[in-house]
file my_file.txt (compact mmCIF, C-alpha atoms and all ligand atoms)
# COMPACT_ATOMS: atom_id res chain seq x y z
CA MET A 26 0.00 0.00 0.00
CA ASP A 27 1.31 3.45 -0.89
CA LYS A 28 0.95 5.24 2.43
CA MET A 29 2.13 8.56 1.06
CA LYS A 30 0.31 8.86 -2.25
CA ASN A 31 -0.82 12.35 -3.32
CA GLU A 32 1.88 13.96 -1.22
CA ASN A 33 4.47 16.43 -2.46
CA PRO A 34 6.74 14.39 -4.78
CA GLU A 35 9.86 15.98 -3.24
CA ILE A 36 10.75 14.26 0.05
CA ALA A 37 12.57 17.30 1.44
CA SER A 38 10.30 19.66 3.35
CA PRO A 39 9.68 20.02 7.07
CA VAL A 40 6.00 19.14 6.68
CA ARG A 41 6.61 16.04 4.58
CA THR A 42 9.48 14.85 6.79
CA ARG A 43 7.26 15.00 9.87
CA ALA A 44 4.36 13.39 8.01
CA ILE A 45 6.51 10.47 6.83
CA MET A 46 7.90 9.83 10.32
CA GLU A 47 4.41 10.02 11.80
CA THR A 48 2.89 7.73 9.19
CA TYR A 49 5.45 5.07 10.07
CA GLY A 50 5.30 5.77 13.82
CA LEU A 51 9.02 6.58 13.96
CA ASN A 52 11.07 8.84 16.20
CA PHE A 53 14.30 10.54 15.10
CA LYS A 54 17.09 8.49 16.65
CA LYS A 55 19.65 10.79 18.20
CA SER A 56 21.98 7.84 18.82
CA LEU A 57 22.19 7.31 15.03
CA GLY A 58 22.72 10.99 14.22
CA GLN A 59 19.32 11.29 12.56
CA ASN A 60 19.10 14.97 11.63
CA PHE A 61 17.25 15.02 8.33
CA LEU A 62 17.69 17.73 5.71
CA THR A 63 14.51 19.54 4.78
CA ASP A 64 15.70 22.27 2.41
CA ILE A 65 15.51 21.42 -1.28
CA ASN A 66 17.91 24.23 -2.27
CA ILE A 67 20.63 22.86 0.02
CA LEU A 68 20.08 19.39 -1.45
CA HIS A 69 20.49 20.77 -4.98
CA LYS A 70 23.66 22.56 -3.87
CA ILE A 71 25.14 19.35 -2.44
CA VAL A 72 24.52 17.46 -5.70
CA ALA A 73 26.01 20.40 -7.64
CA ALA A 74 29.06 20.55 -5.33
CA GLY A 75 29.73 16.92 -6.28
CA ASP A 76 29.14 17.73 -9.95
CA VAL A 77 27.02 14.57 -9.99
CA SER A 78 25.94 13.62 -13.52
CA GLU A 79 24.36 10.66 -15.31
CA ASN A 80 27.91 9.46 -15.89
CA ASP A 81 28.40 8.83 -12.14
CA ASP A 82 27.62 5.94 -9.84
CA VAL A 83 27.08 7.21 -6.31
CA ILE A 84 27.32 5.65 -2.86
CA GLU A 85 25.27 7.41 -0.22
CA VAL A 86 25.88 6.81 3.48
CA GLY A 87 22.76 7.06 5.65
CA PRO A 88 19.83 7.92 3.33
CA GLY A 89 17.46 8.54 6.26
CA ILE A 90 14.02 8.90 4.63
CA GLY A 91 15.59 9.53 1.22
CA ALA A 92 15.60 13.33 0.81
CA LEU A 93 19.18 13.55 -0.49
CA THR A 94 18.97 10.14 -2.19
CA GLU A 95 16.09 11.42 -4.32
CA GLN A 96 18.09 14.38 -5.62
CA ILE A 97 21.15 12.20 -6.29
CA ALA A 98 18.93 9.66 -8.11
CA LYS A 99 17.65 12.39 -10.43
CA ALA A 100 21.19 13.37 -11.39
CA ALA A 101 23.22 10.13 -11.30
CA HIS A 102 23.44 6.86 -13.21
CA GLN A 103 23.10 4.51 -10.22
CA VAL A 104 22.79 5.09 -6.48
CA LEU A 105 23.68 2.63 -3.74
CA ALA A 106 22.48 3.80 -0.31
CA LEU A 107 23.68 2.18 2.94
CA GLU A 108 21.38 2.64 5.93
CA ILE A 109 21.93 1.12 9.38
CA ASP A 110 18.40 1.69 10.74
CA GLU A 111 16.19 -1.20 9.66
CA GLN A 112 13.04 0.75 10.51
CA LEU A 113 13.86 3.13 7.65
CA ILE A 114 14.10 0.38 5.01
CA PRO A 115 10.32 0.10 4.36
CA VAL A 116 10.08 3.90 4.38
CA LEU A 117 12.79 4.17 1.72
CA ALA A 118 11.14 1.44 -0.38
CA GLU A 119 8.16 3.75 -0.63
CA THR A 120 9.70 7.22 -0.78
CA LEU A 121 12.18 6.12 -3.45
CA GLY A 122 9.89 3.58 -5.12
CA GLN A 123 9.70 5.54 -8.36
CA TYR A 124 13.51 5.62 -8.87
CA ASP A 125 14.68 2.43 -10.55
CA ASN A 126 18.34 3.49 -10.33
CA VAL A 127 18.42 3.31 -6.50
CA THR A 128 19.39 0.31 -4.38
CA VAL A 129 19.06 0.57 -0.61
CA VAL A 130 20.91 -1.90 1.60
CA LEU A 131 20.64 -2.39 5.35
CA GLN A 132 24.28 -1.97 6.30
CA ASP A 133 26.56 -0.35 8.85
CA ILE A 134 28.98 1.66 6.72
CA LEU A 135 31.83 0.97 9.15
CA LYS A 136 31.41 -2.78 8.61
CA ALA A 137 30.69 -2.59 4.89
CA ASP A 138 32.92 -4.28 2.33
CA LEU A 139 32.61 -1.47 -0.19
CA LYS A 140 34.61 -3.22 -2.91
CA GLU A 141 32.23 -6.17 -2.79
CA LEU A 142 29.15 -3.90 -2.76
CA ILE A 143 30.51 -1.96 -5.73
CA ARG A 144 31.18 -5.20 -7.66
CA ASN A 145 27.63 -6.39 -6.99
CA ASN A 146 25.78 -3.14 -7.67
CA PHE A 147 27.69 -1.06 -10.22
CA ASP A 148 28.73 -1.95 -13.77
CA GLY A 149 32.35 -0.82 -13.37
CA LYS A 150 32.03 1.59 -16.30
CA HIS A 151 31.26 4.77 -14.36
CA PRO A 152 33.33 6.88 -11.99
CA ILE A 153 32.22 6.38 -8.38
CA LYS A 154 31.41 9.23 -6.01
CA VAL A 155 30.36 9.25 -2.38
CA VAL A 156 27.71 11.81 -1.44
CA ALA A 157 26.35 11.95 2.11
CA ASN A 158 24.96 13.93 4.98
CA LEU A 159 27.03 12.05 7.56
CA PRO A 160 25.85 11.07 11.04
CA TYR A 161 27.93 13.45 13.21
CA TYR A 162 28.87 10.89 15.84
CA ILE A 163 31.05 8.90 13.41
CA THR A 164 32.16 11.49 10.82
CA SER A 165 35.91 10.84 11.16
CA PRO A 166 35.65 7.02 11.33
CA ILE A 167 33.52 7.03 8.16
CA ILE A 168 36.00 9.21 6.27
CA MET A 169 38.87 7.00 7.45
CA HIS A 170 36.94 3.89 6.40
CA LEU A 171 36.37 5.35 2.91
CA LEU A 172 40.03 6.35 2.52
CA ASP A 173 41.32 3.03 3.90
CA THR A 174 39.55 1.14 1.10
CA LYS A 175 41.89 2.89 -1.41
CA ILE A 176 38.98 2.89 -3.85
CA ALA A 177 39.64 5.60 -6.45
CA PHE A 178 36.53 7.68 -5.75
CA SER A 179 36.32 10.57 -8.21
CA ALA A 180 34.86 12.71 -5.38
CA ILE A 181 33.70 12.39 -1.78
CA VAL A 182 31.12 15.05 -0.95
CA VAL A 183 30.15 14.99 2.68
CA MET A 184 28.27 17.14 5.13
CA MET A 185 29.67 17.33 8.64
CA GLN A 186 29.91 19.61 11.66
CA LYS A 187 31.50 22.91 10.58
CA GLU A 188 34.37 22.58 13.08
CA VAL A 189 35.36 19.18 11.68
CA ALA A 190 35.17 20.59 8.13
CA ASN A 191 37.56 23.37 9.17
CA ARG A 192 40.01 20.76 10.45
CA LEU A 193 39.84 18.72 7.25
CA SER A 194 40.53 21.63 4.92
CA ALA A 195 43.04 23.48 7.17
CA GLN A 196 46.43 24.69 5.93
CA PRO A 197 49.72 24.11 7.82
CA GLY A 198 50.41 26.76 10.45
CA THR A 199 46.75 27.29 11.38
CA LYS A 200 45.03 26.25 14.60
CA ASP A 201 42.73 23.78 12.85
CA TYR A 202 45.60 21.89 11.19
CA GLY A 203 46.20 18.57 12.96
CA ALA A 204 46.54 14.80 12.69
CA LEU A 205 43.15 14.42 10.97
CA THR A 206 44.05 17.10 8.39
CA THR A 207 47.35 15.42 7.58
CA ARG A 208 45.77 11.98 7.37
CA VAL A 209 43.05 13.12 4.94
CA GLN A 210 45.15 15.53 2.86
CA TYR A 211 47.74 12.79 2.40
CA GLN A 212 45.18 11.07 0.16
CA MET A 213 42.82 13.76 -1.16
CA GLU A 214 42.52 17.46 -1.98
CA CYS A 215 40.12 18.92 0.53
CA LYS A 216 37.89 22.00 0.21
CA THR A 217 34.95 23.35 2.19
CA ALA A 218 32.27 24.11 -0.42
CA PHE A 219 29.68 25.94 1.71
CA ILE A 220 28.22 26.29 5.19
CA VAL A 221 24.81 24.88 6.07
CA PRO A 222 22.87 26.49 8.94
CA ARG A 223 21.41 24.24 11.64
CA THR A 224 17.90 25.55 10.86
CA VAL A 225 17.46 23.36 7.76
CA PHE A 226 17.44 20.08 9.71
CA ILE A 227 14.77 18.21 11.63
CA PRO A 228 15.48 17.83 14.47
CA GLN A 229 17.73 20.88 14.65
CA PRO A 230 21.30 20.00 15.78
CA ASN A 231 23.30 22.19 18.19
CA VAL A 232 25.93 23.01 15.57
CA ASP A 233 26.18 24.39 12.04
CA SER A 234 27.42 22.17 9.25
CA ALA A 235 29.57 22.41 6.16
CA ILE A 236 29.89 20.54 2.91
CA VAL A 237 33.40 19.25 2.28
CA VAL A 238 34.52 18.09 -1.14
CA LEU A 239 37.42 15.63 -1.34
CA THR A 240 38.93 15.03 -4.77
CA PRO A 241 41.93 13.02 -5.99
CA LEU A 242 45.29 14.73 -5.48
CA GLN A 243 46.45 16.97 -8.33
CA GLU A 244 50.05 16.37 -7.29
CA LYS A 245 51.11 13.16 -5.60
CA HIS A 246 52.86 13.39 -2.23
CA LEU A 247 56.17 11.73 -1.45
CA GLU A 248 55.80 8.05 -0.65
CA PRO A 249 56.17 6.95 2.96
CA TYR A 250 58.15 3.72 3.51
CA SER A 251 55.30 2.63 5.73
CA GLU A 252 51.90 4.35 5.91
CA GLU A 253 51.29 2.91 9.34
CA GLN A 254 54.51 4.47 10.71
CA PHE A 255 53.82 7.77 8.99
CA PHE A 256 50.31 7.94 10.49
CA SER A 257 51.54 7.01 13.94
CA LEU A 258 54.37 9.59 13.77
CA VAL A 259 51.83 12.28 12.85
CA LYS A 260 49.57 11.22 15.72
CA GLY A 261 52.50 11.32 18.17
CA CYS A 262 53.69 14.73 16.95
CA PHE A 263 50.22 16.20 17.62
CA ALA A 264 49.79 14.39 20.96
CA HIS A 265 50.47 17.64 22.87
CA ARG A 266 49.63 20.45 20.48
CA ARG A 267 51.15 23.20 22.60
CA LYS A 268 54.48 21.42 23.03
CA SER A 269 57.34 21.71 20.54
CA LEU A 270 58.00 19.09 17.89
CA TRP A 271 61.15 18.14 19.84
CA ASN A 272 59.20 17.47 23.03
CA ASN A 273 56.59 15.44 21.22
CA LEU A 274 59.28 13.39 19.46
CA GLN A 275 60.83 12.64 22.85
CA GLY A 276 57.39 11.63 24.04
CA ILE A 277 57.30 9.07 21.22
CA TYR A 278 60.91 7.81 21.16
CA GLY A 279 62.10 8.43 24.73
CA LYS A 280 65.08 10.38 26.09
CA ASN A 281 67.95 7.97 25.39
CA PRO A 282 70.90 10.33 24.50
CA GLU A 283 71.92 8.26 21.46
CA VAL A 284 68.39 8.33 20.07
CA ARG A 285 68.09 12.06 20.82
CA GLU A 286 71.26 12.72 18.89
CA LYS A 287 70.03 10.78 15.89
CA ILE A 288 66.69 12.62 15.91
CA GLN A 289 68.53 15.94 16.17
CA GLN A 290 70.62 14.96 13.13
CA VAL A 291 67.51 13.96 11.12
CA LEU A 292 65.87 17.32 11.90
CA THR A 293 69.06 19.19 10.93
CA ASP A 294 69.29 17.25 7.64
CA LEU A 295 65.67 18.14 6.87
CA LYS A 296 66.19 21.79 7.95
CA ILE A 297 63.35 21.47 10.45
CA SER A 298 63.73 23.44 13.67
CA PRO A 299 63.07 21.22 16.73
CA GLN A 300 61.40 24.17 18.45
CA ILE A 301 58.50 24.56 16.03
CA ARG A 302 55.13 22.97 16.71
CA ALA A 303 53.94 20.06 14.60
CA GLU A 304 51.20 22.20 13.04
CA ARG A 305 53.86 23.95 10.92
CA LEU A 306 54.85 20.76 9.07
CA SER A 307 53.33 20.01 5.66
CA VAL A 308 52.23 16.50 4.71
CA ASP A 309 55.43 16.02 2.68
CA GLU A 310 57.59 17.20 5.60
CA PHE A 311 55.94 14.63 7.86
CA ILE A 312 56.57 11.92 5.25
CA SER A 313 60.23 12.95 4.90
CA LEU A 314 60.56 12.94 8.68
CA ALA A 315 59.05 9.46 8.96
CA ASN A 316 61.31 8.13 6.19
CA LYS A 317 64.49 9.68 7.66
CA LEU A 318 63.67 8.37 11.14
CA SER A 319 63.25 4.99 9.56
CA GLU A 320 66.61 5.28 7.72
CA ALA A 321 68.21 6.27 11.04
CA LYS A 322 66.61 3.15 12.54
CA ILE A 323 64.66 5.22 15.07
CA ILE A 324 61.57 3.59 13.69
CA GLU A 325 61.63 0.12 12.17
CA LYS A 326 61.44 -0.06 8.37
C1 LIG A 401 22.40 13.01 9.28
S1 LIG A 401 21.30 11.70 8.86
C2 LIG A 401 21.14 11.97 7.12
C3 LIG A 401 19.82 11.50 6.56
C4 LIG A 401 19.52 11.93 5.12
N1 LIG A 401 20.57 11.53 4.21
C5 LIG A 401 19.32 13.43 5.04
O1 LIG A 401 20.21 14.10 4.53
O2 LIG A 401 18.28 13.91 5.48
C6 LIG A 401 22.39 10.32 9.01
C7 LIG A 401 21.82 8.97 8.56
O3 LIG A 401 22.84 7.99 8.71
C8 LIG A 401 22.29 6.81 9.28
N2 LIG A 401 23.41 6.10 9.96
C9 LIG A 401 23.88 6.31 11.21
N3 LIG A 401 24.93 5.50 11.47
C10 LIG A 401 25.12 4.76 10.34
C11 LIG A 401 26.04 3.73 9.99
N4 LIG A 401 26.99 3.30 10.85
N5 LIG A 401 25.94 3.16 8.75
C12 LIG A 401 25.00 3.60 7.88
N6 LIG A 401 24.09 4.57 8.16
C13 LIG A 401 24.16 5.14 9.37
C14 LIG A 401 21.20 7.31 10.19
O4 LIG A 401 20.27 6.32 10.51
C15 LIG A 401 20.64 8.47 9.35
O5 LIG A 401 19.68 7.98 8.47

call {"tool": "encode", "arguments": {"input": "my_file.txt", "output": "structure tokens", "more": "lines below"}}
Ligand SMILES: C[S@@+](CC[C@H](N)C(=O)[O-])C[C@H]1O[C@@H](n2cnc3c(N)ncnc32)[C@H](O)[C@@H]1O
result
Amino acid sequence: MDKMKNENPEIASPVRTRAIMETYGLNFKKSLGQNFLTDINILHKIVAAGDVSENDDVIEVGPGIGALTEQIAKAAHQVLALEIDEQLIPVLAETLGQYDNVTVVLQDILKADLKELIRNNFDGKHPIKVVANLPYYITSPIIMHLLDTKIAFSAIVVMMQKEVANRLSAQPGTKDYGALTTRVQYQMECKTAFIVPRTVFIPQPNVDSAIVVLTPLQEKHLEPYSEEQFFSLVKGCFAHRRKSLWNNLQGIYGKNPEVREKIQQVLTDLKISPQIRAERLSVDEFISLANKLSEAKIIEK
């Protein structure tokens, strides 16, 4: 039975969002980050920010009741939407029933084998993009999960809390630049496209949001000998943000005089002052530092 026949065909509006939830007897689940977008103009802007066209296959994380999915479906070739909340599956079957290019799967994104899902749902002939209004409580883990797959996404267009967006797109030497920035910018170019006010969501969150667009690197970075060691060096160097690089390095590698001397030599060779803070180092400088520390056998190759 079509419970929502004769309604506004666009899912996104405050009235329709409430009506859909009421019809199905559902509450917005705070624990799953369910803040649904209700502004059609913002949805159009998200799809435009991703330059989504009929040439693209798109993965959406967390379709909710399908407001963003609908706009992606109108623009893209195929859409695969992963939703963790099983109560939303019958809702999506109805709200998106008219779009034959959409597949919804009940799936926790953090446990998803994306390569397998892509093989089973896409034809392999179209570039793949990720477009999503992310659940705030797991924004960073989701981005890490996407990057860890090493799938060559042609764009990742994601909405997140404005403060996290600032960290992702920060430049070296700024207060927002940190381990997360370095980790993400190591793999992708990162730009904040636009800010989204909290007023366009139901229920309204306590923070404003921003759309971040990640695209493949224009220029490749240096290659770390070991990604794991590079990431853990970065993490260690930002462990105490207000301390100098030198102090943080001692925190990681200890105060053994021989080791200290070797680290000092590595920093001199790289023309990096030990007194600066880690936030001044570019991604390539961190990679050089990790590689030199490895050559000096401070970290294992
Ligand atoms: C911020 S809402 C976005 C809903 C919809 N896309 C919109 O823009 O209105 C986040 C969605 O992600 C879903 N979600 C939360 N955790 C998830 C996970 N681990 N895997 C997949 N979906 C998840 C929530 O149930 C919710 O539908």

call {"tool": "closest_residue", "arguments": {"input": "my_file.txt", "among": "A:Asn272, A:Gln186, A:Ser179, A:Asn146", "to": "ligand LIG 401 (chain A)", "atoms": "only C-alpha atoms and all ligand atoms"}}
result
A:Gln186

call {"tool": "closest_residue", "arguments": {"input": "my_file.txt", "among": "A:Tyr202, A:Tyr161, A:Phe256, A:Tyr124", "to": "A:Val86", "atoms": "all atoms listed in the file"}}
result
A:Tyr161

call {"tool": "residues_around", "arguments": {"input": "my_file.txt", "residues": "stretch 150-159 of chain A", "least_positions_apart": "2", "cutoff": "10 Å", "atoms": "all atoms listed in the file", "output": "PyMOL selection string"}}
result
chain A and resi 58-62+68+71-72+74-77+79-89+93-94+97+101-106+143+147-148+161-165+167-168+171+176-186+234-236+238-240

call {"tool": "atom_distance", "arguments": {"input": "my_file.txt", "atom1": "atom CA of A:Thr48", "atom2": "atom CA of A:Pro115"}}
result
11.7 Å

call {"tool": "residues_around", "arguments": {"input": "my_file.txt", "residues": "stretch 204-206 of chain A", "least_positions_apart": "6", "cutoff": "7 Å", "atoms": "only C-alpha atoms", "output": "list of chain:residue names"}}
result
A:Arg192, A:Leu193, A:Ser194, A:Ala195, A:Val259, A:Lys260, A:Phe263

call {"tool": "write_last_selection", "arguments": {"input": "my_file.txt", "atoms": "C-alpha atoms", "output": "short mmCIF file (atom, residue, chain, number, x, y, z; two decimals), in the coordinates of the input"}}
result
data_model
loop_
_atom_site.label_atom_id
_atom_site.label_comp_id
_atom_site.auth_asym_id
_atom_site.auth_seq_id
_atom_site.Cartn_x
_atom_site.Cartn_y
_atom_site.Cartn_z
CA ARG A 192 40.01 20.76 10.45
CA LEU A 193 39.84 18.72 7.25
CA SER A 194 40.53 21.63 4.92
CA ALA A 195 43.04 23.48 7.17
CA VAL A 259 51.83 12.28 12.85
CA LYS A 260 49.57 11.22 15.72
CA PHE A 263 50.22 16.20 17.62
#

call {"tool": "closest_residue", "arguments": {"input": "my_file.txt", "among": "A:Ala44, A:Leu135, A:Val130, A:Leu295", "to": "ligand LIG 401 (chain A)", "atoms": "all atoms listed in the file"}}
result
A:Leu135

call {"tool": "closest_residue", "arguments": {"input": "my_file.txt", "among": "A:Glu253, A:Glu35, A:Glu95, A:Glu108", "to": "ligand LIG 401 (chain A)", "atoms": "only C-alpha atoms and all ligand atoms"}}
result
A:Glu108

call {"tool": "closest_residue", "arguments": {"input": "my_file.txt", "among": "A:Ile109, A:Ala218, A:Ala137, A:Ile277", "to": "A:Lys54", "atoms": "only C-alpha atoms"}}
result
A:Ile109

call {"tool": "closest_residue", "arguments": {"input": "my_file.txt", "among": "A:Met213, A:Ile312, A:Ala303, A:Ile297", "to": "A:Ser251", "atoms": "all atoms listed in the file"}}
result
A:Ile312

call {"tool": "atom_distance", "arguments": {"input": "my_file.txt", "atom1": "atom CA of A:Val225", "atom2": "atom CA of A:Ile67"}}
result
8.4 Å

call {"tool": "atom_distance", "arguments": {"input": "my_file.txt", "atom1": "atom CA of A:Leu121", "atom2": "atom CA of A:Ala73"}}
result
20.3 Å

call {"tool": "axis_aligned_box", "arguments": {"input": "my_file.txt", "around": "ligand LIG 401 (chain A)", "padding_each_side": "3 Å", "output": "lines of an AutoDock Vina configuration file"}}
result
center_x = 22.6
center_y = 8.6
center_z = 7.8
size_x = 14.7
size_y = 16.9
size_z = 13.3

call {"tool": "residues_around", "arguments": {"input": "my_file.txt", "residues": "A:Gln212", "least_positions_apart": "4", "cutoff": "8 Å", "atoms": "only C-alpha atoms", "output": "PyMOL selection string"}}
result
chain A and resi 172+208+241-242

call {"tool": "residues_around", "arguments": {"input": "my_file.txt", "residues": "A:Arg285", "least_positions_apart": "4", "cutoff": "10 Å", "atoms": "all atoms listed in the file", "output": "JSON, numbers by chain"}}
result
{"A": [271, 274, 275, 278, 279, 280, 281, 289, 290, 291, 323]}
